[in-house]
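Just protein29.txt here, compact mmCIF, C-alpha atoms and all ligand atoms:
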# COMPACT_ATOMS: atom_id res chain seq x y z
CA MET E 1 0.00 0.00 0.00
CA ALA E 2 2.69 2.45 0.99
CA ALA E 3 4.64 1.59 -2.12
CA ALA E 4 1.56 2.08 -4.23
CA LEU E 5 1.00 5.50 -2.81
CA GLN E 6 4.61 6.56 -3.12
CA THR E 7 4.99 5.63 -6.73
CA ASN E 8 1.75 7.02 -7.97
CA THR E 9 -1.02 8.38 -5.83
CA ARG E 10 -3.47 8.13 -8.70
CA LEU E 11 -3.11 4.41 -8.47
CA ASN E 12 -4.16 4.23 -4.89
CA PRO E 13 -6.01 0.97 -5.19
CA ILE E 14 -9.54 1.28 -4.08
CA ASN E 15 -10.95 3.69 -3.01
CA LEU E 16 -10.39 7.27 -3.26
CA VAL E 17 -8.87 8.40 -0.06
CA PRO E 18 -5.32 8.00 1.12
CA GLY E 19 -5.13 5.40 3.80
CA ARG E 20 -7.92 3.39 2.35
CA SER E 21 -7.03 0.20 0.68
CA LEU E 22 -9.06 -2.46 -0.94
CA ALA E 23 -7.53 -5.05 1.23
CA ASN E 24 -7.82 -3.02 4.38
CA PRO E 25 -11.13 -1.24 4.10
CA SER E 26 -11.47 -0.74 7.81
CA ARG E 27 -9.09 2.13 7.48
CA ALA E 28 -11.64 3.99 5.43
CA PRO E 29 -12.82 7.18 6.97
CA CYS E 30 -16.49 7.25 7.65
CA ARG E 31 -18.22 8.85 4.71
CA VAL E 32 -21.16 10.52 6.38
CA ARG E 33 -22.80 12.68 3.84
CA CYS E 34 -26.31 13.23 5.07
CA ALA E 35 -27.65 15.37 7.80
CA ALA E 36 -26.62 14.24 11.24
CA ALA E 37 -28.54 11.19 12.37
CA SER E 38 -29.33 10.03 15.86
CA PRO E 39 -26.29 10.47 18.05
CA GLY E 40 -23.76 7.71 17.59
CA LYS E 41 -25.34 6.56 14.36
CA LYS E 42 -23.67 6.67 11.00
CA ARG E 43 -25.88 7.23 8.01
CA PHE E 44 -25.31 6.09 4.48
CA ASN E 45 -27.23 6.57 1.26
CA ILE E 46 -27.65 3.30 -0.61
CA ALA E 47 -28.92 3.21 -4.18
CA LEU E 48 -30.91 0.05 -4.88
CA LEU E 49 -31.12 -0.96 -8.53
CA PRO E 50 -33.25 -4.13 -8.59
CA GLY E 51 -33.38 -4.40 -12.39
CA ASP E 52 -35.04 -7.37 -14.05
CA GLY E 53 -35.99 -11.01 -13.66
CA ILE E 54 -35.12 -12.27 -10.20
CA GLY E 55 -33.41 -8.93 -9.43
CA PRO E 56 -36.31 -7.38 -7.49
CA GLU E 57 -36.82 -10.56 -5.42
CA VAL E 58 -33.22 -10.90 -4.34
CA ILE E 59 -32.78 -7.17 -3.74
CA SER E 60 -35.79 -6.93 -1.44
CA VAL E 61 -34.44 -9.79 0.67
CA ALA E 62 -30.88 -8.41 0.73
CA LYS E 63 -32.10 -4.94 1.65
CA ASN E 64 -33.72 -6.27 4.82
CA VAL E 65 -30.60 -8.18 5.78
CA LEU E 66 -28.41 -5.14 5.13
CA GLN E 67 -30.67 -2.94 7.21
CA GLN E 68 -30.75 -5.37 10.09
CA ALA E 69 -27.02 -6.09 10.19
CA GLY E 70 -26.31 -2.38 9.90
CA SER E 71 -28.65 -1.39 12.69
CA LEU E 72 -26.92 -3.82 15.05
CA GLU E 73 -23.71 -1.89 14.36
CA GLY E 74 -25.26 1.56 14.69
CA LEU E 75 -25.64 2.19 10.96
CA GLU E 76 -28.64 3.81 9.36
CA PHE E 77 -29.38 3.48 5.69
CA ASN E 78 -31.36 5.71 3.47
CA PHE E 79 -32.40 3.51 0.53
CA GLN E 80 -33.30 4.95 -2.82
CA GLU E 81 -34.70 2.45 -5.32
CA MET E 82 -34.35 3.28 -9.00
CA PRO E 83 -35.15 1.44 -12.25
CA VAL E 84 -32.42 0.15 -14.57
CA GLY E 85 -32.25 -2.30 -17.48
CA GLY E 86 -35.44 -3.73 -18.92
CA ALA E 87 -37.49 -2.26 -16.08
CA ALA E 88 -36.28 1.21 -17.07
CA LEU E 89 -36.82 0.53 -20.77
CA ASP E 90 -40.44 -0.34 -20.03
CA LEU E 91 -40.92 2.73 -17.86
CA VAL E 92 -39.10 5.45 -19.75
CA GLY E 93 -37.59 3.89 -22.89
CA VAL E 94 -33.90 3.91 -21.95
CA PRO E 95 -31.84 1.29 -20.07
CA LEU E 96 -30.21 3.77 -17.70
CA PRO E 97 -32.35 6.87 -17.03
CA GLU E 98 -30.41 9.93 -15.97
CA GLU E 99 -32.23 10.01 -12.64
CA SER E 100 -31.13 6.45 -11.91
CA PHE E 101 -27.54 7.23 -12.77
CA THR E 102 -27.56 10.42 -10.69
CA ALA E 103 -29.02 8.64 -7.68
CA ALA E 104 -26.38 5.92 -8.04
CA LYS E 105 -23.54 8.37 -8.49
CA GLN E 106 -24.56 10.44 -5.47
CA SER E 107 -25.00 7.46 -3.18
CA ASP E 108 -22.40 6.01 -0.85
CA ALA E 109 -22.79 2.55 -2.40
CA ILE E 110 -24.95 0.81 -4.97
CA LEU E 111 -26.60 -2.60 -4.69
CA LEU E 112 -27.75 -4.00 -8.02
CA GLY E 113 -29.90 -7.09 -8.65
CA ALA E 114 -29.73 -8.31 -12.23
CA ILE E 115 -30.33 -6.99 -15.71
CA GLY E 116 -31.89 -8.42 -18.89
CA GLY E 117 -34.60 -10.81 -20.03
CA TYR E 118 -36.18 -12.49 -23.07
CA LYS E 119 -38.55 -9.61 -23.59
CA TRP E 120 -35.79 -7.24 -24.67
CA ASP E 121 -33.49 -9.78 -26.36
CA ASN E 122 -34.27 -8.48 -29.84
CA ASN E 123 -33.91 -4.80 -28.99
CA GLU E 124 -31.42 -2.76 -30.94
CA LYS E 125 -28.06 -2.70 -29.24
CA HIS E 126 -28.36 0.72 -27.62
CA LEU E 127 -31.75 -0.28 -26.25
CA ARG E 128 -30.62 -3.52 -24.71
CA PRO E 129 -30.96 -3.73 -20.92
CA GLU E 130 -27.28 -4.74 -20.54
CA MET E 131 -26.27 -1.28 -21.74
CA ALA E 132 -27.27 -0.02 -18.29
CA LEU E 133 -24.51 -2.16 -16.79
CA PHE E 134 -21.90 -0.90 -19.22
CA TYR E 135 -22.88 2.74 -18.69
CA LEU E 136 -22.80 2.27 -14.92
CA ARG E 137 -19.40 0.59 -14.98
CA ARG E 138 -17.93 3.11 -17.42
CA ASP E 139 -19.39 6.28 -15.93
CA LEU E 140 -18.82 5.30 -12.30
CA LYS E 141 -15.29 4.30 -13.42
CA VAL E 142 -15.41 1.11 -11.38
CA PHE E 143 -12.46 -0.59 -13.05
CA ALA E 144 -11.74 -3.22 -10.41
CA ASN E 145 -14.17 -6.11 -10.23
CA LEU E 146 -13.63 -8.50 -7.33
CA ARG E 147 -15.25 -11.89 -7.74
CA PRO E 148 -14.53 -14.28 -4.89
CA ALA E 149 -15.14 -17.97 -5.50
CA THR E 150 -15.12 -19.98 -2.31
CA VAL E 151 -16.28 -23.53 -1.81
CA LEU E 152 -18.12 -23.51 1.50
CA PRO E 153 -17.78 -26.74 3.47
CA GLN E 154 -21.57 -26.91 3.65
CA LEU E 155 -21.87 -26.93 -0.13
CA VAL E 156 -18.98 -29.12 -1.28
CA ASP E 157 -21.41 -31.69 -2.58
CA ALA E 158 -23.17 -29.10 -4.73
CA SER E 159 -19.98 -28.73 -6.77
CA THR E 160 -19.84 -30.53 -10.08
CA LEU E 161 -16.24 -31.45 -9.26
CA LYS E 162 -15.16 -34.34 -7.06
CA ARG E 163 -15.11 -33.53 -3.36
CA GLU E 164 -11.32 -33.83 -3.13
CA VAL E 165 -10.88 -31.35 -6.00
CA ALA E 166 -13.44 -28.82 -4.82
CA GLU E 167 -12.93 -28.91 -1.06
CA GLY E 168 -11.03 -25.90 0.25
CA VAL E 169 -11.14 -23.82 -2.94
CA ASP E 170 -10.87 -20.16 -2.03
CA MET E 171 -9.88 -17.73 -4.74
CA MET E 172 -10.42 -14.15 -5.73
CA ILE E 173 -10.73 -13.20 -9.37
CA VAL E 174 -9.77 -9.59 -9.99
CA ARG E 175 -11.35 -8.68 -13.33
CA GLU E 176 -10.58 -5.46 -15.18
CA LEU E 177 -14.01 -4.02 -15.82
CA THR E 178 -13.92 -0.79 -17.79
CA GLY E 179 -11.53 -1.54 -20.65
CA GLY E 180 -10.49 -4.23 -23.11
CA ILE E 181 -12.64 -5.58 -25.88
CA TYR E 182 -15.85 -4.57 -24.10
CA PHE E 183 -15.12 -0.90 -24.65
CA GLY E 184 -12.31 -0.78 -27.24
CA GLU E 185 -12.65 1.19 -30.49
CA PRO E 186 -13.02 0.71 -33.38
CA ARG E 187 -15.94 -1.64 -33.13
CA GLY E 188 -19.00 -2.27 -35.22
CA ILE E 189 -20.62 -4.17 -38.05
CA LYS E 190 -20.05 -2.88 -41.56
CA THR E 191 -19.88 -4.01 -45.15
CA ASN E 192 -16.39 -4.53 -46.53
CA GLU E 193 -15.09 -3.84 -50.04
CA ASN E 194 -16.36 -7.24 -51.22
CA GLY E 195 -19.85 -6.37 -50.09
CA GLU E 196 -19.65 -8.82 -47.18
CA GLU E 197 -20.73 -7.92 -43.68
CA VAL E 198 -17.95 -7.90 -41.10
CA GLY E 199 -18.18 -7.55 -37.33
CA PHE E 200 -15.20 -6.33 -35.33
CA ASN E 201 -14.10 -5.28 -31.86
CA THR E 202 -10.82 -4.09 -30.42
CA GLU E 203 -8.95 -5.45 -27.44
CA PHE E 204 -7.31 -2.28 -26.18
CA TYR E 205 -5.37 -1.62 -22.98
CA ALA E 206 -3.39 1.47 -22.06
CA ALA E 207 -0.49 0.99 -19.68
CA HIS E 208 -2.20 2.91 -16.87
CA GLU E 209 -5.28 0.68 -17.09
CA ILE E 210 -3.13 -2.41 -16.67
CA ASP E 211 -1.08 -0.90 -13.86
CA ARG E 212 -4.04 0.16 -11.76
CA ILE E 213 -5.80 -3.20 -11.92
CA ALA E 214 -2.51 -5.01 -11.32
CA ARG E 215 -1.95 -2.94 -8.19
CA VAL E 216 -5.39 -3.83 -6.87
CA ALA E 217 -4.56 -7.47 -7.54
CA PHE E 218 -1.15 -7.33 -5.84
CA GLU E 219 -2.74 -5.63 -2.83
CA THR E 220 -5.47 -8.24 -2.75
CA ALA E 221 -3.04 -11.14 -3.00
CA ARG E 222 -0.87 -9.61 -0.28
CA LYS E 223 -3.79 -9.75 2.15
CA ARG E 224 -4.66 -13.29 1.14
CA ARG E 225 -2.17 -16.12 0.61
CA GLY E 226 0.37 -14.01 -1.26
CA LYS E 227 -0.05 -15.69 -4.65
CA LEU E 228 -1.05 -13.83 -7.79
CA CYS E 229 -1.65 -15.46 -11.17
CA SER E 230 -1.98 -13.08 -14.11
CA VAL E 231 -4.01 -14.60 -16.93
CA ASP E 232 -3.51 -13.43 -20.52
CA LYS E 233 -3.05 -14.62 -24.10
CA ALA E 234 0.41 -13.17 -24.58
CA ASN E 235 1.33 -15.87 -27.11
CA VAL E 236 -1.18 -14.35 -29.55
CA LEU E 237 -2.52 -10.92 -28.54
CA ASP E 238 -0.48 -7.71 -28.51
CA ALA E 239 -2.64 -6.25 -25.77
CA SER E 240 -1.72 -9.28 -23.68
CA ILE E 241 2.00 -8.83 -24.39
CA LEU E 242 1.77 -5.34 -22.91
CA TRP E 243 -0.37 -6.67 -20.07
CA ARG E 244 2.26 -9.25 -19.12
CA ARG E 245 5.08 -6.73 -19.42
CA ARG E 246 3.39 -4.19 -17.14
CA VAL E 247 2.30 -6.73 -14.52
CA THR E 248 5.82 -8.19 -14.45
CA ALA E 249 7.35 -4.74 -14.04
CA LEU E 250 5.20 -4.05 -10.97
CA ALA E 251 6.12 -7.28 -9.24
CA SER E 252 9.32 -5.81 -7.75
CA GLU E 253 7.17 -3.47 -5.65
CA TYR E 254 5.46 -6.48 -4.10
CA PRO E 255 8.30 -8.83 -3.13
CA ASP E 256 5.98 -10.60 -0.70
CA VAL E 257 3.66 -11.65 -3.53
CA GLU E 258 4.56 -14.60 -5.74
CA LEU E 259 3.60 -13.70 -9.31
CA THR E 260 2.95 -16.28 -12.02
CA HIS E 261 1.53 -15.96 -15.53
CA MET E 262 -0.80 -18.31 -17.33
CA TYR E 263 -2.39 -18.35 -20.77
CA VAL E 264 -6.13 -18.16 -20.58
CA ASP E 265 -6.79 -21.50 -22.29
CA ASN E 266 -4.55 -23.24 -19.78
CA ALA E 267 -6.17 -21.28 -16.93
CA ALA E 268 -9.60 -22.50 -18.03
CA MET E 269 -8.28 -26.05 -17.86
CA GLN E 270 -6.39 -25.64 -14.59
CA LEU E 271 -9.48 -24.18 -12.93
CA ILE E 272 -11.28 -27.47 -13.20
CA ARG E 273 -8.22 -29.70 -12.97
CA ASP E 274 -6.80 -28.26 -9.76
CA PRO E 275 -8.59 -25.09 -8.63
CA LYS E 276 -6.84 -25.05 -5.25
CA GLN E 277 -3.62 -23.90 -6.93
CA PHE E 278 -5.20 -20.44 -7.33
CA ASP E 279 -5.27 -17.72 -4.70
CA THR E 280 -5.71 -14.42 -6.56
CA ILE E 281 -6.19 -14.21 -10.32
CA VAL E 282 -5.92 -10.96 -12.26
CA THR E 283 -7.14 -10.75 -15.81
CA ASN E 284 -8.72 -8.58 -18.45
CA ASN E 285 -12.38 -7.83 -18.91
CA ILE E 286 -13.44 -10.65 -21.21
CA PHE E 287 -11.24 -13.40 -19.76
CA GLY E 288 -12.48 -12.37 -16.30
CA ASP E 289 -16.06 -12.61 -17.47
CA ILE E 290 -15.57 -16.16 -18.71
CA LEU E 291 -13.29 -17.49 -15.96
CA SER E 292 -15.49 -16.12 -13.17
CA ASP E 293 -18.48 -18.04 -14.52
CA GLU E 294 -16.34 -21.15 -14.67
CA ALA E 295 -15.06 -20.60 -11.13
CA SER E 296 -18.60 -20.10 -9.88
CA MET E 297 -19.54 -23.62 -10.94
CA ILE E 298 -16.74 -25.06 -8.83
CA THR E 299 -18.47 -23.57 -5.82
CA GLY E 300 -21.71 -25.36 -6.57
CA SER E 301 -23.90 -22.57 -7.78
CA ILE E 302 -23.59 -19.22 -9.46
CA GLY E 303 -26.39 -18.30 -7.07
CA MET E 304 -23.84 -18.04 -4.27
CA LEU E 305 -21.33 -15.59 -5.67
CA PRO E 306 -21.21 -11.87 -4.91
CA SER E 307 -19.09 -9.21 -6.54
CA ALA E 308 -17.75 -5.75 -5.90
CA SER E 309 -16.83 -3.19 -8.55
CA LEU E 310 -14.66 -0.40 -7.26
CA GLY E 311 -13.00 2.70 -8.60
CA VAL E 312 -10.57 5.29 -7.42
CA SER E 313 -13.35 7.58 -6.25
CA GLY E 314 -17.10 7.50 -5.87
CA PRO E 315 -19.46 4.74 -4.83
CA GLY E 316 -18.79 1.08 -5.50
CA LEU E 317 -21.24 -1.15 -7.36
CA PHE E 318 -22.15 -4.41 -5.66
CA GLU E 319 -24.04 -7.18 -7.40
CA PRO E 320 -24.48 -10.94 -7.53
CA ILE E 321 -22.70 -12.41 -10.56
CA HIS E 322 -25.71 -14.48 -11.60
CA GLY E 323 -27.94 -12.98 -14.22
CA SER E 324 -31.63 -12.18 -14.18
CA ALA E 325 -32.69 -15.85 -14.57
CA PRO E 326 -35.95 -15.03 -16.39
CA ASP E 327 -36.96 -18.71 -16.34
CA ILE E 328 -37.51 -18.61 -12.58
CA ALA E 329 -38.36 -14.93 -12.13
CA GLY E 330 -41.36 -14.15 -9.95
CA GLN E 331 -41.63 -17.72 -8.66
CA ASP E 332 -39.85 -17.24 -5.34
CA LYS E 333 -37.24 -19.81 -6.38
CA ALA E 334 -34.16 -17.59 -6.65
CA ASN E 335 -31.20 -18.00 -4.33
CA PRO E 336 -30.80 -14.62 -2.58
CA LEU E 337 -27.45 -15.52 -0.96
CA ALA E 338 -25.27 -14.02 -3.72
CA THR E 339 -27.04 -10.69 -3.29
CA ILE E 340 -26.95 -10.94 0.50
CA LEU E 341 -23.21 -11.62 0.28
CA SER E 342 -22.91 -8.68 -2.13
CA ALA E 343 -24.48 -6.55 0.60
CA ALA E 344 -21.72 -7.82 2.89
CA MET E 345 -19.12 -6.77 0.33
CA LEU E 346 -20.85 -3.39 0.14
CA LEU E 347 -20.39 -2.95 3.86
CA LYS E 348 -16.80 -4.14 3.83
CA TYR E 349 -15.36 -2.65 0.65
CA GLY E 350 -17.83 0.15 0.00
CA LEU E 351 -18.36 1.58 3.47
CA GLY E 352 -15.48 0.15 5.46
CA GLU E 353 -17.96 -1.42 7.90
CA GLU E 354 -16.31 -4.76 8.45
CA LYS E 355 -18.18 -5.72 11.60
CA ALA E 356 -21.58 -5.39 9.97
CA ALA E 357 -20.25 -7.29 6.95
CA LYS E 358 -19.10 -10.11 9.21
CA ARG E 359 -22.56 -10.29 10.77
CA ILE E 360 -24.02 -10.99 7.35
CA GLU E 361 -21.34 -13.52 6.36
CA ASP E 362 -21.78 -15.37 9.64
CA ALA E 363 -25.55 -15.37 9.28
CA VAL E 364 -25.31 -16.89 5.81
CA LEU E 365 -23.04 -19.67 7.10
CA ASP E 366 -25.34 -20.23 10.04
CA THR E 367 -28.36 -20.51 7.77
CA LEU E 368 -26.55 -23.05 5.61
CA ASN E 369 -25.44 -24.93 8.72
CA LYS E 370 -29.09 -25.22 9.71
CA GLY E 371 -29.71 -26.95 6.39
CA PHE E 372 -31.73 -24.33 4.53
CA ARG E 373 -31.24 -24.56 0.76
CA THR E 374 -32.78 -23.01 -2.32
CA GLY E 375 -33.28 -25.32 -5.30
CA ASP E 376 -29.93 -24.56 -6.94
CA ILE E 377 -27.94 -25.78 -3.94
CA TYR E 378 -30.37 -28.37 -2.64
CA SER E 379 -29.22 -31.86 -1.79
CA PRO E 380 -31.28 -34.57 -0.08
CA GLY E 381 -31.50 -34.28 3.68
CA ASN E 382 -31.69 -30.47 3.61
CA LYS E 383 -34.69 -28.16 3.80
CA LEU E 384 -35.81 -26.76 0.48
CA VAL E 385 -36.89 -23.13 0.79
CA GLY E 386 -37.77 -20.29 -1.53
CA CYS E 387 -36.13 -16.91 -1.88
CA LYS E 388 -38.22 -15.19 0.80
CA GLU E 389 -37.91 -17.94 3.37
CA MET E 390 -34.15 -18.11 2.84
CA GLY E 391 -34.07 -14.36 3.48
CA GLU E 392 -36.13 -14.74 6.65
CA GLU E 393 -33.81 -17.42 7.93
CA VAL E 394 -30.75 -15.25 7.29
CA LEU E 395 -32.51 -12.40 9.10
CA LYS E 396 -33.17 -14.67 12.08
CA SER E 397 -29.50 -15.61 12.16
CA VAL E 398 -28.44 -11.98 11.98
CA ASP E 399 -30.74 -11.27 14.92
CA SER E 400 -29.49 -14.14 17.00
CA LYS E 401 -25.96 -12.75 16.56
CA VAL E 402 -24.71 -16.25 16.00
CA THR E 403 -21.12 -16.54 15.00
CA ALA E 404 -20.87 -19.65 12.92
CA THR E 405 -17.65 -21.50 12.76
CA VAL E 406 -16.61 -23.26 9.63
C1 LIG E 501 -21.12 -10.17 -15.98
C2 LIG E 501 -22.11 -10.31 -17.09
C3 LIG E 501 -22.08 -9.10 -17.98
C4 LIG E 501 -20.70 -9.00 -18.57
C5 LIG E 501 -23.18 -9.12 -19.06
C6 LIG E 501 -24.56 -9.25 -18.44
C7 LIG E 501 -23.13 -7.94 -19.95
O1 LIG E 501 -21.91 -11.49 -17.79
O2 LIG E 501 -21.19 -9.19 -15.22
O3 LIG E 501 -20.27 -11.04 -15.86
O4 LIG E 501 -20.41 -9.61 -19.63
O5 LIG E 501 -19.87 -8.31 -18.01
MG MG E 502 -20.48 -12.76 -16.96
For this file, produce the structure as structure tokens.
Ligand code: IPM
Ligand code: MG
Amino acid sequence: MAAALQTNTRLNPINLVPGRSLANPSRAPCRVRCAAASPGKKRFNIALLPGDGIGPEVISVAKNVLQQAGSLEGLEFNFQEMPVGGAALDLVGVPLPEESFTAAKQSDAILLGAIGGYKWDNNEKHLRPEMALFYLRRDLKVFANLRPATVLPQLVDASTLKREVAEGVDMMIVRELTGGIYFGEPRGIKTNENGEEVGFNTEFYAAHEIDRIARVAFETARKRRGKLCSVDKANVLDASILWRRRVTALASEYPDVELTHMYVDNAAMQLIRDPKQFDTIVTNNIFGDILSDEASMITGSIGMLPSASLGVSGPGLFEPIHGSAPDIAGQDKANPLATILSAAMLLKYGLGEEKAAKRIEDAVLDTLNKGFRTGDIYSPGNKLVGCKEMGEEVLKSVDSKVTATV
């Protein structure tokens, strides 16, 4: 951290203020922006963006858990719920209304459900619900996407991998989120000189974009098991050659972190062959998208995995990595745990409120220990519950202040 600050203050990894580090959020100063609350209480503005499909269901459950865990730690939240994605398209004709963006931007942290659905699948590109996500990521400048993938002892048998391969997996994927082929120019579909249609995108990384995500990753690895694997395709892609060069150059500032490099095709294979070899992975936008879905399956269900997207300044964006799951939307079947755990990441990384975050994490473990399971993580002998009931059980565990041990 000190080294990061000395060499380039602009690269202060997560978030914004000197002294605050991604890996040590408790050092964050309290960001109290609203009028003074009850004495001894801290107040935060939280933007809720439920979005589409199962989004509203999981957000309403996670909101209650967040409120409850916060209140036990003297935190007060002012929630502002705004439409994004398909919901916003239906209401006002654009995926990210200005009011929604402004509310998000002015908040202390943002909790997002999910975006997209069949109904809008054939929309023109600029009217697709997913554009809301890209605008949010780009305009909030949340370049660092943290996607933990942990196999909980309670869910080892939900993994598609053999118990001995899956047991004990605990990794953090650090995905670059605002650059690469997702945003690179030129891009488009046009007709070439032979009259044939061609589609093209550009994988583009500037040195500073690589450096800042690499620093977040080194800092993250340093606070974990000290191992960082940078994933690229440097045997083929120029952008990856620069990526590898920049990441390698930074390694001398982090002598306590063991840096390795891996081509993405090999990484995809190693993830299912021997996932325990990974501690922290850093990679570009599109490889991170793909590898984090793969890693999620090792843990048993994509319905379990939270994420945090953080920038140098401004609010972080916290969301489950599962999508909107339109096939089960509105049926009370969704697993709310990924969103509940995203609320925990919001507390920890977004607000620096580690104690409240721990309350939520412990309550989730406690609820799983009691055998409550949604359909996606169900195995015989457990209690099958819906989204709401799972939320109520987590709330009960938050209330009972149980500290589960795993
Ligand atoms: C994710 C998602 C998004 C992405 C989609 C919904 C645009 O897959 O957050 O991983 O590709 O980034
Ligand atoms: Mg994805």
Neighbourhood of ligand LIG 501 (chain E) at 10 Å, counting all atoms listed in the file, reported as an NGL selection string: :E and (114-116 or 128-134 or 137 or 145 or 147 or 175 or 177-178 or 182 or 285-293 or 307 or 309 or 319-324)
Distance query 7 Å from (-20.2, 2.6, -3.9) using only C-alpha atoms, result as number ranges by chain: E: 107-110, 314-317, 350
For ligand MG 502 (chain E), the nearest of the candidates E:Ser296, E:Asn194, E:Thr280, E:Gln331, counting only C-alpha atoms and all ligand atoms: E:Ser296
Close residues, stretch 183-192 of chain E itself excluded, 10 Å, only C-alpha atoms, min 4 positions apart in chain, as a list in words: Phe134, Arg138, Leu177, Thr178, Gly179, Glu196, Glu197, Val198, Gly199, Phe200, Asn201, Thr202, Glu203, Phe204, Tyr205 and Asn285 of chain E
Sphere at (-19.2, -8.5, 3.7), radius 6 Å, counting only C-alpha atoms: residues as a list in words: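 The residues near that point, listed by chain and number, are Ala344, Met345, Leu347, Lys348, Ala357 and Lys358 of chain E.
Candidate residues E:Ala62, E:Glu99, E:Ile213, E:Ile181 were compared for distance to E:Val364, and the nearest is E:Ala62, using all atoms listed in the file.
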From E:Asn335, E:Asn45, E:Gln154, E:Gln68, residue lying nearest E:Lys396 [all atoms listed in the file]: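 Under the stated criterion, the closest residue is E:Gln68.
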Pairwise distance for atom CA of E:Asn64 and atom CA of E:Ile340, rounded to one decimal in Å: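 Separating atom CA of E:Asn64 from atom CA of E:Ile340 is a distance of 9.3 Å.
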Closest of E:Ser301, E:Thr160, E:Thr220, E:Asn284 to E:Val257 - atom-to-atom distances counting all atoms listed in the file: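 The answer is E:Thr220, which sits nearest to E:Val257.
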Atom CA of E:Pro306 to atom CA of E:Thr283, distance in Å rounded to a single decimal: 17.8 Å
Atomic separation - atom CA of E:Thr339 relative to atom CA of E:Asp362, Å: 14.7 Å
12 Å contact set for E:Gly70, only C-alpha atoms, chain neighbours under 6 positions out, as an NGL selection string: :E and (41-44 or 62-64 or 76-78 or 343-344 or 346-348 or 351-360 or 395 or 398-399)
Spatial neighbours of E:Ser379, 12 Å, all atoms listed in the file, chain gap at least 2 places, as an MDAnalysis selection string: chainID E and resid 154:159 300 368 371:377 381:385
Minimum-distance residue to E:Thr102, chosen among E:Ser313, E:Ala47, E:Ala144, E:Val61 (using all atoms listed in the file):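 Closest residue, counting all atoms listed in the file: E:Ala47.
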Distance criterion (all atoms listed in the file): nearest to E:Leu161 out of E:Leu305, E:Ala149, E:Ile298, E:Leu242: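 Under the stated criterion, the closest residue is E:Ile298.
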Residues of stretch 191-240 of chain E that approach stretch 259-275 of chain E to 10 Å or less, counting all atoms listed in the file: could you list each one with the shortest pair of atoms and its distance in Å to one decimal, rows by chain and increasing residue number, as a tab-separated table?
residue	atom	partner	partner_atom	distance
E:Phe218	CA	E:Leu259	CA	8.7
E:Ala221	CA	E:Leu259	CA	9.5
E:Gly226	CA	E:Leu259	CA	8.7
E:Lys227	CA	E:Leu259	CA	6.2
E:Leu228	CA	E:Leu259	CA	4.9
E:Cys229	CA	E:Thr260	CA	4.7
E:Ser230	CA	E:His261	CA	4.8
E:Val231	CA	E:Met262	CA	4.9
E:Asp232	CA	E:Tyr263	CA	5.1
E:Lys233	CA	E:Tyr263	CA	5.0
E:Ala234	CA	E:Tyr263	CA	7.0
E:Asn235	CA	E:Tyr263	CA	7.8
E:Val236	CA	E:Tyr263	CA	9.7
E:Ser240	CA	E:Tyr263	CA	9.5
